[in-house]
Structures are given as structure tokens and as C-alpha cells.
$ cat query_27.txt   # compact mmCIF, N, CA and C atoms
# COMPACT_ATOMS: atom_id res chain seq x y z
N ALA M 1 -0.56 20.55 20.75
CA ALA M 1 0.76 20.76 20.20
C ALA M 1 0.99 19.82 19.02
N ALA M 2 0.48 18.59 19.11
CA ALA M 2 0.70 17.62 18.03
C ALA M 2 -0.06 18.01 16.77
N ASN M 3 -1.19 18.71 16.92
CA ASN M 3 -1.96 19.13 15.75
C ASN M 3 -1.18 20.11 14.88
N LYS M 4 -0.26 20.85 15.46
CA LYS M 4 0.55 21.77 14.66
C LYS M 4 1.47 21.02 13.71
N LEU M 5 1.80 19.78 14.03
CA LEU M 5 2.69 18.98 13.18
C LEU M 5 1.93 18.15 12.15
N ARG M 6 0.60 18.17 12.20
CA ARG M 6 -0.20 17.38 11.26
C ARG M 6 0.17 17.75 9.82
N GLY M 7 0.43 16.75 9.02
CA GLY M 7 0.80 16.97 7.62
C GLY M 7 2.29 17.19 7.42
N SER M 8 3.04 17.25 8.49
CA SER M 8 4.49 17.45 8.39
C SER M 8 5.18 16.11 8.20
N VAL M 9 6.38 16.17 7.67
CA VAL M 9 7.19 14.97 7.51
C VAL M 9 8.20 14.96 8.65
N LEU M 10 8.20 13.88 9.41
CA LEU M 10 9.13 13.74 10.52
C LEU M 10 10.17 12.69 10.17
N TYR M 11 11.40 12.95 10.54
CA TYR M 11 12.48 12.01 10.27
C TYR M 11 13.05 11.51 11.59
N ALA M 12 13.51 10.27 11.58
CA ALA M 12 14.15 9.69 12.76
C ALA M 12 15.40 8.95 12.27
N ARG M 13 16.38 8.89 13.11
CA ARG M 13 17.60 8.17 12.77
C ARG M 13 17.35 6.67 12.82
N GLN M 14 18.05 5.93 11.98
CA GLN M 14 17.90 4.48 11.94
C GLN M 14 18.23 3.85 13.28
N GLU M 15 19.20 4.40 14.01
CA GLU M 15 19.57 3.84 15.30
C GLU M 15 18.50 4.09 16.37
N GLU M 16 17.56 4.99 16.12
CA GLU M 16 16.47 5.25 17.04
C GLU M 16 15.25 4.36 16.75
N ARG M 17 15.39 3.52 15.77
CA ARG M 17 14.32 2.59 15.39
C ARG M 17 14.04 1.65 16.56
N PRO M 18 12.77 1.34 16.83
CA PRO M 18 12.46 0.41 17.92
C PRO M 18 13.15 -0.94 17.71
N LYS M 19 13.73 -1.46 18.77
CA LYS M 19 14.46 -2.74 18.69
C LYS M 19 13.48 -3.90 18.47
N GLU M 20 12.36 -3.86 19.16
CA GLU M 20 11.39 -4.95 19.05
C GLU M 20 9.99 -4.36 18.86
N VAL M 21 9.23 -5.02 18.01
CA VAL M 21 7.82 -4.67 17.85
C VAL M 21 7.03 -5.97 18.01
N ALA M 22 5.78 -5.86 18.33
CA ALA M 22 4.94 -7.05 18.52
C ALA M 22 4.82 -7.81 17.20
N SER M 23 4.45 -9.07 17.28
CA SER M 23 4.38 -9.91 16.08
C SER M 23 3.34 -9.42 15.08
N ASP M 24 2.33 -8.68 15.55
CA ASP M 24 1.30 -8.17 14.65
C ASP M 24 1.47 -6.68 14.36
N GLU M 25 2.64 -6.13 14.67
CA GLU M 25 2.93 -4.72 14.40
C GLU M 25 4.08 -4.62 13.40
N TYR M 26 4.00 -3.58 12.56
CA TYR M 26 5.02 -3.38 11.53
C TYR M 26 5.34 -1.90 11.43
N LEU M 27 6.56 -1.60 11.09
CA LEU M 27 6.94 -0.24 10.78
C LEU M 27 6.63 0.01 9.31
N VAL M 28 6.17 1.21 9.00
CA VAL M 28 5.80 1.53 7.63
C VAL M 28 6.98 1.29 6.69
N THR M 29 8.18 1.65 7.11
CA THR M 29 9.35 1.48 6.25
C THR M 29 9.62 0.01 5.94
N ASP M 30 9.18 -0.90 6.81
CA ASP M 30 9.37 -2.33 6.54
C ASP M 30 8.41 -2.84 5.49
N LEU M 31 7.27 -2.21 5.34
CA LEU M 31 6.23 -2.69 4.42
C LEU M 31 6.38 -2.15 3.01
N VAL M 32 6.91 -0.94 2.87
CA VAL M 32 7.03 -0.31 1.56
C VAL M 32 7.99 -1.12 0.69
N ASP M 33 7.61 -1.36 -0.55
CA ASP M 33 8.35 -2.09 -1.57
C ASP M 33 8.27 -3.61 -1.42
N LEU M 34 7.51 -4.13 -0.46
CA LEU M 34 7.33 -5.58 -0.38
C LEU M 34 6.44 -6.04 -1.54
N GLU M 35 6.69 -7.24 -2.03
CA GLU M 35 5.85 -7.81 -3.08
C GLU M 35 4.62 -8.46 -2.44
N VAL M 36 3.49 -8.35 -3.13
CA VAL M 36 2.22 -8.87 -2.60
C VAL M 36 1.76 -10.03 -3.47
N PHE M 37 1.39 -11.13 -2.81
CA PHE M 37 0.94 -12.33 -3.48
C PHE M 37 -0.39 -12.78 -2.88
N ILE M 38 -1.15 -13.55 -3.69
CA ILE M 38 -2.35 -14.20 -3.17
C ILE M 38 -1.90 -15.39 -2.33
N GLU M 39 -2.52 -15.58 -1.18
CA GLU M 39 -2.16 -16.69 -0.28
C GLU M 39 -2.43 -18.03 -0.96
N GLU M 40 -1.53 -19.00 -0.74
CA GLU M 40 -1.69 -20.35 -1.31
C GLU M 40 -3.03 -20.95 -0.88
N GLY M 41 -3.68 -21.63 -1.80
CA GLY M 41 -4.94 -22.29 -1.50
C GLY M 41 -6.15 -21.37 -1.57
N TYR M 42 -5.94 -20.10 -1.91
CA TYR M 42 -7.05 -19.14 -1.98
C TYR M 42 -7.88 -19.38 -3.24
N ILE M 43 -9.19 -19.47 -3.07
CA ILE M 43 -10.12 -19.59 -4.19
C ILE M 43 -11.06 -18.39 -4.11
N GLU M 44 -11.16 -17.63 -5.22
CA GLU M 44 -11.93 -16.38 -5.19
C GLU M 44 -13.39 -16.60 -4.81
N ASP M 45 -14.03 -17.58 -5.41
CA ASP M 45 -15.45 -17.83 -5.12
C ASP M 45 -15.59 -19.27 -4.65
N GLU M 46 -15.65 -19.48 -3.34
CA GLU M 46 -15.70 -20.83 -2.78
C GLU M 46 -17.01 -21.54 -3.10
N ASP M 47 -18.08 -20.79 -3.42
CA ASP M 47 -19.36 -21.39 -3.73
C ASP M 47 -19.41 -21.93 -5.16
N ASP M 48 -18.50 -21.47 -6.01
CA ASP M 48 -18.47 -21.90 -7.41
C ASP M 48 -17.46 -23.03 -7.57
N PRO M 49 -17.92 -24.25 -7.87
CA PRO M 49 -16.99 -25.38 -8.00
C PRO M 49 -16.02 -25.23 -9.18
N ASN M 50 -16.33 -24.36 -10.14
CA ASN M 50 -15.46 -24.14 -11.30
C ASN M 50 -14.45 -23.03 -11.08
N SER M 51 -14.49 -22.39 -9.91
CA SER M 51 -13.59 -21.28 -9.63
C SER M 51 -12.16 -21.80 -9.46
N ALA M 52 -11.23 -21.20 -10.17
CA ALA M 52 -9.83 -21.65 -10.12
C ALA M 52 -9.11 -21.08 -8.90
N SER M 53 -8.12 -21.81 -8.45
CA SER M 53 -7.30 -21.35 -7.33
C SER M 53 -6.33 -20.29 -7.83
N LEU M 54 -6.28 -19.17 -7.14
CA LEU M 54 -5.37 -18.08 -7.50
C LEU M 54 -4.15 -18.06 -6.60
N GLY M 55 -4.00 -19.06 -5.74
CA GLY M 55 -2.92 -19.08 -4.77
C GLY M 55 -1.55 -18.92 -5.39
N GLY M 56 -0.73 -18.05 -4.81
CA GLY M 56 0.62 -17.81 -5.28
C GLY M 56 0.73 -16.77 -6.36
N SER M 57 -0.38 -16.24 -6.87
CA SER M 57 -0.34 -15.25 -7.94
C SER M 57 0.23 -13.92 -7.45
N PHE M 58 1.09 -13.32 -8.26
CA PHE M 58 1.66 -12.01 -7.95
C PHE M 58 0.60 -10.95 -8.15
N VAL M 59 0.45 -10.05 -7.16
CA VAL M 59 -0.55 -8.98 -7.24
C VAL M 59 0.12 -7.66 -7.58
N GLY M 60 1.17 -7.31 -6.85
CA GLY M 60 1.83 -6.04 -7.06
C GLY M 60 2.84 -5.77 -5.95
N SER M 61 3.18 -4.50 -5.78
CA SER M 61 4.14 -4.10 -4.75
C SER M 61 3.54 -2.99 -3.89
N VAL M 62 3.93 -2.97 -2.63
CA VAL M 62 3.44 -1.95 -1.71
C VAL M 62 4.11 -0.62 -2.03
N PHE M 63 3.30 0.38 -2.36
CA PHE M 63 3.79 1.71 -2.67
C PHE M 63 3.84 2.57 -1.41
N GLY M 64 2.90 2.33 -0.50
CA GLY M 64 2.85 3.10 0.73
C GLY M 64 1.81 2.54 1.67
N VAL M 65 1.71 3.16 2.82
CA VAL M 65 0.72 2.77 3.82
C VAL M 65 -0.08 4.01 4.18
N VAL M 66 -1.41 3.90 4.09
CA VAL M 66 -2.30 4.99 4.48
C VAL M 66 -2.77 4.67 5.89
N LEU M 67 -2.43 5.52 6.82
CA LEU M 67 -2.78 5.28 8.22
C LEU M 67 -4.27 5.52 8.44
N GLY M 68 -4.87 4.70 9.28
CA GLY M 68 -6.29 4.82 9.58
C GLY M 68 -6.64 6.16 10.18
N SER M 69 -5.72 6.72 10.95
CA SER M 69 -5.97 8.03 11.56
C SER M 69 -6.02 9.14 10.52
N ASP M 70 -5.41 8.93 9.34
CA ASP M 70 -5.47 9.92 8.27
C ASP M 70 -6.79 9.83 7.51
N MET M 71 -7.44 8.67 7.57
CA MET M 71 -8.68 8.48 6.83
C MET M 71 -9.92 8.79 7.66
N CYS M 72 -9.83 8.60 8.97
CA CYS M 72 -10.99 8.80 9.83
C CYS M 72 -10.55 9.55 11.09
N PRO M 73 -11.16 10.69 11.38
CA PRO M 73 -10.74 11.46 12.55
C PRO M 73 -11.16 10.85 13.89
N ILE M 74 -12.07 9.89 13.87
CA ILE M 74 -12.53 9.27 15.12
C ILE M 74 -11.58 8.11 15.46
N PRO M 75 -10.88 8.18 16.59
CA PRO M 75 -9.91 7.14 16.94
C PRO M 75 -10.54 5.76 17.00
N GLY M 76 -9.83 4.78 16.39
CA GLY M 76 -10.28 3.40 16.44
C GLY M 76 -11.21 2.97 15.32
N LEU M 77 -11.72 3.90 14.52
CA LEU M 77 -12.66 3.53 13.46
C LEU M 77 -11.98 3.23 12.13
N GLY M 78 -10.88 3.89 11.85
CA GLY M 78 -10.20 3.69 10.57
C GLY M 78 -9.17 2.57 10.65
N GLN M 79 -9.01 1.83 9.56
CA GLN M 79 -7.99 0.79 9.47
C GLN M 79 -6.83 1.28 8.63
N ASP M 80 -5.62 0.85 8.98
CA ASP M 80 -4.49 1.14 8.11
C ASP M 80 -4.69 0.40 6.80
N MET M 81 -4.24 0.99 5.69
CA MET M 81 -4.44 0.41 4.37
C MET M 81 -3.09 0.32 3.66
N LEU M 82 -2.88 -0.79 2.97
CA LEU M 82 -1.72 -0.94 2.11
C LEU M 82 -2.08 -0.38 0.75
N GLU M 83 -1.26 0.52 0.24
CA GLU M 83 -1.46 1.07 -1.10
C GLU M 83 -0.59 0.24 -2.04
N ILE M 84 -1.24 -0.57 -2.88
CA ILE M 84 -0.52 -1.53 -3.71
C ILE M 84 -0.58 -1.10 -5.17
N VAL M 85 0.59 -1.10 -5.83
CA VAL M 85 0.68 -0.81 -7.26
C VAL M 85 0.44 -2.11 -8.00
N LEU M 86 -0.53 -2.09 -8.92
CA LEU M 86 -0.83 -3.24 -9.76
C LEU M 86 -0.14 -3.00 -11.10
N PRO M 87 0.99 -3.66 -11.37
CA PRO M 87 1.74 -3.38 -12.60
C PRO M 87 0.97 -3.79 -13.84
N ARG M 88 0.86 -2.87 -14.78
CA ARG M 88 0.11 -3.13 -16.01
C ARG M 88 1.01 -3.06 -17.24
N GLY M 89 2.30 -2.88 -17.03
CA GLY M 89 3.23 -2.77 -18.16
C GLY M 89 3.46 -4.11 -18.83
N LEU M 90 4.26 -4.12 -19.88
CA LEU M 90 4.59 -5.31 -20.62
C LEU M 90 5.25 -6.34 -19.71
N GLY M 91 4.70 -7.53 -19.64
CA GLY M 91 5.27 -8.59 -18.82
C GLY M 91 5.11 -8.35 -17.33
N GLY M 92 4.14 -7.54 -16.93
CA GLY M 92 3.91 -7.29 -15.51
C GLY M 92 4.85 -6.29 -14.90
N THR M 93 5.55 -5.52 -15.72
CA THR M 93 6.47 -4.50 -15.19
C THR M 93 5.71 -3.21 -14.94
N ALA M 94 6.29 -2.35 -14.14
CA ALA M 94 5.65 -1.07 -13.82
C ALA M 94 5.58 -0.18 -15.06
N SER M 95 4.53 0.61 -15.15
CA SER M 95 4.40 1.57 -16.24
C SER M 95 3.76 2.84 -15.69
N TRP M 96 3.70 3.87 -16.50
CA TRP M 96 3.13 5.14 -16.05
C TRP M 96 1.62 5.05 -15.87
N LYS M 97 1.00 3.99 -16.39
CA LYS M 97 -0.44 3.82 -16.28
C LYS M 97 -0.83 2.89 -15.14
N ASP M 98 0.08 2.61 -14.25
CA ASP M 98 -0.21 1.66 -13.18
C ASP M 98 -1.41 2.09 -12.36
N GLU M 99 -2.23 1.10 -12.06
CA GLU M 99 -3.36 1.32 -11.19
C GLU M 99 -2.96 0.94 -9.77
N MET M 100 -3.67 1.49 -8.82
CA MET M 100 -3.39 1.21 -7.42
C MET M 100 -4.68 0.74 -6.76
N VAL M 101 -4.51 0.01 -5.67
CA VAL M 101 -5.65 -0.46 -4.90
C VAL M 101 -5.29 -0.36 -3.42
N LEU M 102 -6.28 -0.06 -2.60
CA LEU M 102 -6.08 -0.01 -1.16
C LEU M 102 -6.58 -1.31 -0.54
N ILE M 103 -5.71 -1.96 0.23
CA ILE M 103 -6.04 -3.22 0.89
C ILE M 103 -6.02 -2.98 2.40
N PRO M 104 -7.13 -3.22 3.10
CA PRO M 104 -7.13 -3.05 4.56
C PRO M 104 -6.11 -3.98 5.22
N LEU M 105 -5.33 -3.44 6.11
CA LEU M 105 -4.29 -4.21 6.81
C LEU M 105 -4.91 -4.85 8.04
N VAL M 106 -5.74 -5.87 7.79
CA VAL M 106 -6.42 -6.62 8.86
C VAL M 106 -6.09 -8.10 8.67
N PRO M 107 -6.06 -8.89 9.74
CA PRO M 107 -5.68 -10.31 9.63
C PRO M 107 -6.57 -11.13 8.70
N GLN M 108 -7.83 -10.74 8.53
CA GLN M 108 -8.73 -11.48 7.66
C GLN M 108 -8.34 -11.34 6.19
N ILE M 109 -7.73 -10.22 5.82
CA ILE M 109 -7.35 -9.96 4.42
C ILE M 109 -5.85 -10.10 4.22
N VAL M 110 -5.07 -9.75 5.23
CA VAL M 110 -3.61 -9.88 5.17
C VAL M 110 -3.19 -10.87 6.26
N PRO M 111 -3.31 -12.18 5.98
CA PRO M 111 -3.02 -13.16 7.02
C PRO M 111 -1.54 -13.35 7.33
N ARG M 112 -0.66 -12.96 6.37
CA ARG M 112 0.75 -13.25 6.57
C ARG M 112 1.63 -12.17 5.96
N VAL M 113 2.57 -11.68 6.76
CA VAL M 113 3.59 -10.74 6.30
C VAL M 113 4.93 -11.39 6.61
N ASP M 114 5.70 -11.67 5.57
CA ASP M 114 7.00 -12.33 5.74
C ASP M 114 8.09 -11.33 5.41
N LEU M 115 8.62 -10.67 6.45
CA LEU M 115 9.64 -9.64 6.25
C LEU M 115 10.97 -10.23 5.79
N GLU M 116 11.25 -11.48 6.16
CA GLU M 116 12.50 -12.11 5.74
C GLU M 116 12.50 -12.40 4.24
N GLU M 117 11.35 -12.79 3.70
CA GLU M 117 11.23 -13.08 2.26
C GLU M 117 10.78 -11.85 1.46
N ASN M 118 10.51 -10.73 2.15
CA ASN M 118 10.01 -9.50 1.52
C ASN M 118 8.71 -9.74 0.76
N LYS M 119 7.78 -10.48 1.41
CA LYS M 119 6.51 -10.79 0.77
C LYS M 119 5.35 -10.58 1.74
N ILE M 120 4.23 -10.18 1.17
CA ILE M 120 2.97 -10.08 1.89
C ILE M 120 1.98 -10.97 1.16
N PHE M 121 1.20 -11.74 1.92
CA PHE M 121 0.21 -12.62 1.33
C PHE M 121 -1.17 -12.14 1.73
N ILE M 122 -2.08 -12.08 0.74
CA ILE M 122 -3.42 -11.56 0.99
C ILE M 122 -4.47 -12.57 0.56
N THR M 123 -5.65 -12.44 1.16
CA THR M 123 -6.84 -13.21 0.76
C THR M 123 -7.97 -12.20 0.57
N PRO M 124 -7.95 -11.48 -0.55
CA PRO M 124 -8.94 -10.41 -0.75
C PRO M 124 -10.34 -10.94 -1.01
N PRO M 125 -11.36 -10.26 -0.48
CA PRO M 125 -12.72 -10.65 -0.83
C PRO M 125 -12.97 -10.39 -2.31
N SER M 126 -13.90 -11.10 -2.87
CA SER M 126 -14.21 -10.96 -4.29
C SER M 126 -14.50 -9.51 -4.65
N GLY M 127 -13.83 -9.03 -5.69
CA GLY M 127 -14.05 -7.67 -6.18
C GLY M 127 -13.14 -6.61 -5.59
N LEU M 128 -12.42 -6.90 -4.51
CA LEU M 128 -11.57 -5.87 -3.87
C LEU M 128 -10.47 -5.39 -4.81
N LEU M 129 -9.85 -6.30 -5.54
CA LEU M 129 -8.76 -5.91 -6.44
C LEU M 129 -9.27 -5.18 -7.68
N ASP M 130 -10.58 -5.13 -7.87
CA ASP M 130 -11.16 -4.39 -8.99
C ASP M 130 -11.38 -2.91 -8.65
N LEU M 131 -11.26 -2.56 -7.37
CA LEU M 131 -11.49 -1.18 -6.93
C LEU M 131 -10.20 -0.38 -7.06
N THR M 132 -9.80 -0.13 -8.29
CA THR M 132 -8.51 0.51 -8.54
C THR M 132 -8.66 2.00 -8.85
N TYR M 133 -7.56 2.69 -8.76
CA TYR M 133 -7.50 4.10 -9.14
C TYR M 133 -6.10 4.36 -9.68
N VAL M 134 -5.95 5.46 -10.42
CA VAL M 134 -4.65 5.84 -10.95
C VAL M 134 -4.11 6.96 -10.08
N HIS M 135 -2.89 6.77 -9.61
CA HIS M 135 -2.24 7.76 -8.74
C HIS M 135 -1.84 8.96 -9.59
N GLU M 136 -2.36 10.12 -9.24
CA GLU M 136 -2.03 11.34 -9.96
C GLU M 136 -1.42 12.34 -9.00
N GLU M 137 -0.23 12.77 -9.31
CA GLU M 137 0.40 13.78 -8.47
C GLU M 137 0.02 15.16 -8.98
N LYS M 138 -0.39 15.99 -8.07
CA LYS M 138 -0.72 17.36 -8.43
C LYS M 138 0.54 18.20 -8.29
N VAL M 139 0.85 18.94 -9.32
CA VAL M 139 2.05 19.76 -9.32
C VAL M 139 1.64 21.21 -9.12
N ARG M 140 2.28 21.85 -8.17
CA ARG M 140 2.05 23.28 -7.96
C ARG M 140 3.29 24.03 -8.38
N ILE M 141 3.11 24.99 -9.21
CA ILE M 141 4.24 25.80 -9.67
C ILE M 141 4.29 27.04 -8.81
N LYS M 142 5.43 27.22 -8.18
CA LYS M 142 5.61 28.40 -7.34
C LYS M 142 6.59 29.33 -8.03
N GLY M 143 6.21 30.56 -8.15
CA GLY M 143 7.08 31.54 -8.79
C GLY M 143 6.33 32.25 -9.90
N PHE M 144 6.99 33.20 -10.46
CA PHE M 144 6.40 33.99 -11.52
C PHE M 144 7.13 33.70 -12.82
N LEU M 145 6.38 33.68 -13.90
CA LEU M 145 6.96 33.52 -15.21
C LEU M 145 7.32 34.89 -15.76
N PRO M 146 8.36 34.96 -16.57
CA PRO M 146 8.69 36.27 -17.16
C PRO M 146 7.58 36.71 -18.12
N PRO M 147 7.43 38.01 -18.33
CA PRO M 147 6.37 38.46 -19.23
C PRO M 147 6.60 37.94 -20.65
N ALA M 148 5.51 37.68 -21.34
CA ALA M 148 5.59 37.17 -22.71
C ALA M 148 6.08 38.28 -23.63
N ARG M 149 6.86 37.86 -24.61
CA ARG M 149 7.36 38.83 -25.60
C ARG M 149 6.45 38.81 -26.82
N ASP M 150 6.26 39.95 -27.39
CA ASP M 150 5.39 40.04 -28.59
C ASP M 150 6.13 39.65 -29.82
$ encode --input "query_27.txt" --output "C-alpha cells"
Amino acid sequence: AANKLRGSVLYARQEERPKEVASDEYLVTDLVDLEVFIEEGYIEDEDDPNSASLGGSFVGSVFGVVLGSDMCPIPGLGQDMLEIVLPRGLGGTASWKDEMVLIPLVPQIVPRVDLEENKIFITPPSGLLDLTYVHEEKVRIKGFLPPARD
């Protein structure tokens, strides 16, 4: 019965929201639009003594969450992913050319989520933030156009 709803959008009332969730659990609506920063003290390449600390650097904002069950049909194999917009506009503002990156929502990469401050802190492995893509929406036109006039 649940497979018939796959791909559907389900809505719930705010008052039906769970009162308590575990400390390591989050509702998708709580994560969307949070700002993402590099965790303080993070150094990209610990083996390189000349590598600069990137701690506290702004990365982007959470655009959405891709559920692990949507990526892998085998239960337990897929990880939830944060879809983060990397602003490329003037002064770090959003633009139509924004790139996005998927960050696995695991404690090793996302050690801290601060819902009170609306911030997520990450410690990405080297090269993860380079795996970007541009979000393209596909538009389907439904309907018929009137016949062309000569």
C-alpha cells in the first residue's frame, strides 16, 4: 500500500509534529535553510604543515535533504544527504548559477547541528566540496498550442 504513495507529496499539520525527537534525529523541515559552516579548528590536509585552517568559513545553505531510501532501494545502505547551495554570486550571495553539493548526514562529516543558532557545522573530507553540480529543473509543458498562422 505504501508503494502506491511513492513519489507523492504528503502534508501534515504543524500541531501533529512530533513533540520530541532523539538528539541525533532531525526533521527535514528543521534542516532546510540552515546555514552551513566549516567546524572550528578544521584543517583540510592535516599531513601538510602549510595547510591553512578553514574553521568558521561559510559554505552555503541547506536547500533540501535527499533521503537515503530514495537513493538506494536496499534498506540501511543509503545515507541521508544534505543538499547544500554554494553561493557563487557577487559577495557570496545566491545567483542563478549556484552550484550544489551533497554532504552525507553522518557524524563523521556533520559533527554538529545547532538548531537554536540555525547553523550546521561540517568537517568534509578533502575534495568533497569540489563535487558540485548545477540544479536544473525540467519543465514539462502540458496542453496544446494553437495552430500557427501563416
$ atom_distance --input "query_27.txt" --atom1 "atom C of Val139 of chain M" --atom2 "atom C of Ile103 of chain M"
27.9 Å
$ atom_distance --input "query_27.txt" --atom1 "atom CA of Glu35 of chain M" --atom2 "atom CA of Ile120 of chain M"
6.2 Å
$ atom_distance --input "query_27.txt" --atom1 "atom C of Arg140 of chain M" --atom2 "atom CA of Val9 of chain M"
18.7 Å
$ closest_residue --input "query_27.txt" --among "M:Gly64, M:Pro124, M:Gly7, M:Gly56" --to "Leu31 of chain M" --atoms "only C-alpha atoms"
M:Gly64
$ decode --input "query_27.txt" --residues "segment 65-74 of chain M" --atoms "all heavy atoms" --output "PDB file, in the first residue's frame"
ATOM      1  N   VAL M  65      16.964  17.944   1.676  1.00  0.00           N
ATOM      2  CA  VAL M  65      17.539  16.713   2.207  1.00  0.00           C
ATOM      3  C   VAL M  65      17.131  15.580   1.272  1.00  0.00           C
ATOM      4  O   VAL M  65      15.952  15.424   0.955  1.00  0.00           O
ATOM      5  CB  VAL M  65      17.042  16.429   3.641  1.00  0.00           C
ATOM      6  CG1 VAL M  65      17.581  15.105   4.144  1.00  0.00           C
ATOM      7  CG2 VAL M  65      17.434  17.561   4.577  1.00  0.00           C
ATOM      8  N   VAL M  66      18.116  14.817   0.803  1.00  0.00           N
ATOM      9  CA  VAL M  66      17.852  13.649  -0.033  1.00  0.00           C
ATOM     10  C   VAL M  66      17.901  12.443   0.895  1.00  0.00           C
ATOM     11  O   VAL M  66      18.925  12.166   1.514  1.00  0.00           O
ATOM     12  CB  VAL M  66      18.901  13.515  -1.157  1.00  0.00           C
ATOM     13  CG1 VAL M  66      18.609  12.287  -2.006  1.00  0.00           C
ATOM     14  CG2 VAL M  66      18.932  14.774  -2.012  1.00  0.00           C
ATOM     15  N   LEU M  67      16.790  11.761   1.013  1.00  0.00           N
ATOM     16  CA  LEU M  67      16.711  10.616   1.915  1.00  0.00           C
ATOM     17  C   LEU M  67      17.462   9.426   1.340  1.00  0.00           C
ATOM     18  O   LEU M  67      17.422   9.174   0.130  1.00  0.00           O
ATOM     19  CB  LEU M  67      15.264  10.260   2.183  1.00  0.00           C
ATOM     20  CG  LEU M  67      14.426  11.372   2.811  1.00  0.00           C
ATOM     21  CD1 LEU M  67      12.975  10.925   2.965  1.00  0.00           C
ATOM     22  CD2 LEU M  67      14.997  11.800   4.145  1.00  0.00           C
ATOM     23  N   GLY M  68      18.123   8.685   2.210  1.00  0.00           N
ATOM     24  CA  GLY M  68      18.888   7.514   1.787  1.00  0.00           C
ATOM     25  C   GLY M  68      18.025   6.483   1.099  1.00  0.00           C
ATOM     26  O   GLY M  68      18.454   5.820   0.164  1.00  0.00           O
ATOM     27  N   SER M  69      16.778   6.373   1.538  1.00  0.00           N
ATOM     28  CA  SER M  69      15.870   5.397   0.919  1.00  0.00           C
ATOM     29  C   SER M  69      15.517   5.782  -0.512  1.00  0.00           C
ATOM     30  O   SER M  69      15.153   4.926  -1.316  1.00  0.00           O
ATOM     31  CB  SER M  69      14.599   5.263   1.756  1.00  0.00           C
ATOM     32  OG  SER M  69      13.948   6.518   1.873  1.00  0.00           O
ATOM     33  N   ASP M  70      15.651   7.067  -0.875  1.00  0.00           N
ATOM     34  CA  ASP M  70      15.405   7.498  -2.249  1.00  0.00           C
ATOM     35  C   ASP M  70      16.599   7.198  -3.148  1.00  0.00           C
ATOM     36  O   ASP M  70      16.448   7.100  -4.354  1.00  0.00           O
ATOM     37  CB  ASP M  70      15.115   8.993  -2.301  1.00  0.00           C
ATOM     38  CG  ASP M  70      13.791   9.363  -1.674  1.00  0.00           C
ATOM     39  OD1 ASP M  70      12.955   8.448  -1.489  1.00  0.00           O
ATOM     40  OD2 ASP M  70      13.588  10.554  -1.370  1.00  0.00           O
ATOM     41  N   MET M  71      17.785   7.074  -2.546  1.00  0.00           N
ATOM     42  CA  MET M  71      18.990   6.851  -3.333  1.00  0.00           C
ATOM     43  C   MET M  71      19.325   5.373  -3.496  1.00  0.00           C
ATOM     44  O   MET M  71      19.953   4.983  -4.458  1.00  0.00           O
ATOM     45  CB  MET M  71      20.166   7.580  -2.692  1.00  0.00           C
ATOM     46  CG  MET M  71      19.979   9.082  -2.695  1.00  0.00           C
ATOM     47  SD  MET M  71      21.362   9.949  -2.008  1.00  0.00           S
ATOM     48  CE  MET M  71      22.595   9.721  -3.254  1.00  0.00           C
ATOM     49  N   CYS M  72      18.948   4.560  -2.516  1.00  0.00           N
ATOM     50  CA  CYS M  72      19.292   3.142  -2.544  1.00  0.00           C
ATOM     51  C   CYS M  72      18.072   2.325  -2.117  1.00  0.00           C
ATOM     52  O   CYS M  72      17.547   2.535  -1.025  1.00  0.00           O
ATOM     53  CB  CYS M  72      20.474   2.875  -1.618  1.00  0.00           C
ATOM     54  SG  CYS M  72      20.995   1.150  -1.632  1.00  0.00           S
ATOM     55  N   PRO M  73      17.629   1.397  -2.945  1.00  0.00           N
ATOM     56  CA  PRO M  73      16.431   0.624  -2.596  1.00  0.00           C
ATOM     57  C   PRO M  73      16.660  -0.417  -1.500  1.00  0.00           C
ATOM     58  O   PRO M  73      15.711  -0.943  -0.940  1.00  0.00           O
ATOM     59  CB  PRO M  73      16.054  -0.041  -3.914  1.00  0.00           C
ATOM     60  CG  PRO M  73      17.339  -0.153  -4.667  1.00  0.00           C
ATOM     61  CD  PRO M  73      18.149   1.045  -4.253  1.00  0.00           C
ATOM     62  N   ILE M  74      17.911  -0.712  -1.175  1.00  0.00           N
ATOM     63  CA  ILE M  74      18.203  -1.712  -0.142  1.00  0.00           C
ATOM     64  C   ILE M  74      18.220  -1.009   1.220  1.00  0.00           C
ATOM     65  O   ILE M  74      19.037  -0.104   1.437  1.00  0.00           O
ATOM     66  CB  ILE M  74      19.549  -2.416  -0.405  1.00  0.00           C
ATOM     67  CG1 ILE M  74      19.512  -3.081  -1.773  1.00  0.00           C
ATOM     68  CG2 ILE M  74      19.856  -3.416   0.693  1.00  0.00           C
ATOM     69  CD1 ILE M  74      20.835  -3.608  -2.254  1.00  0.00           C
TER      70      ILE M  74
END
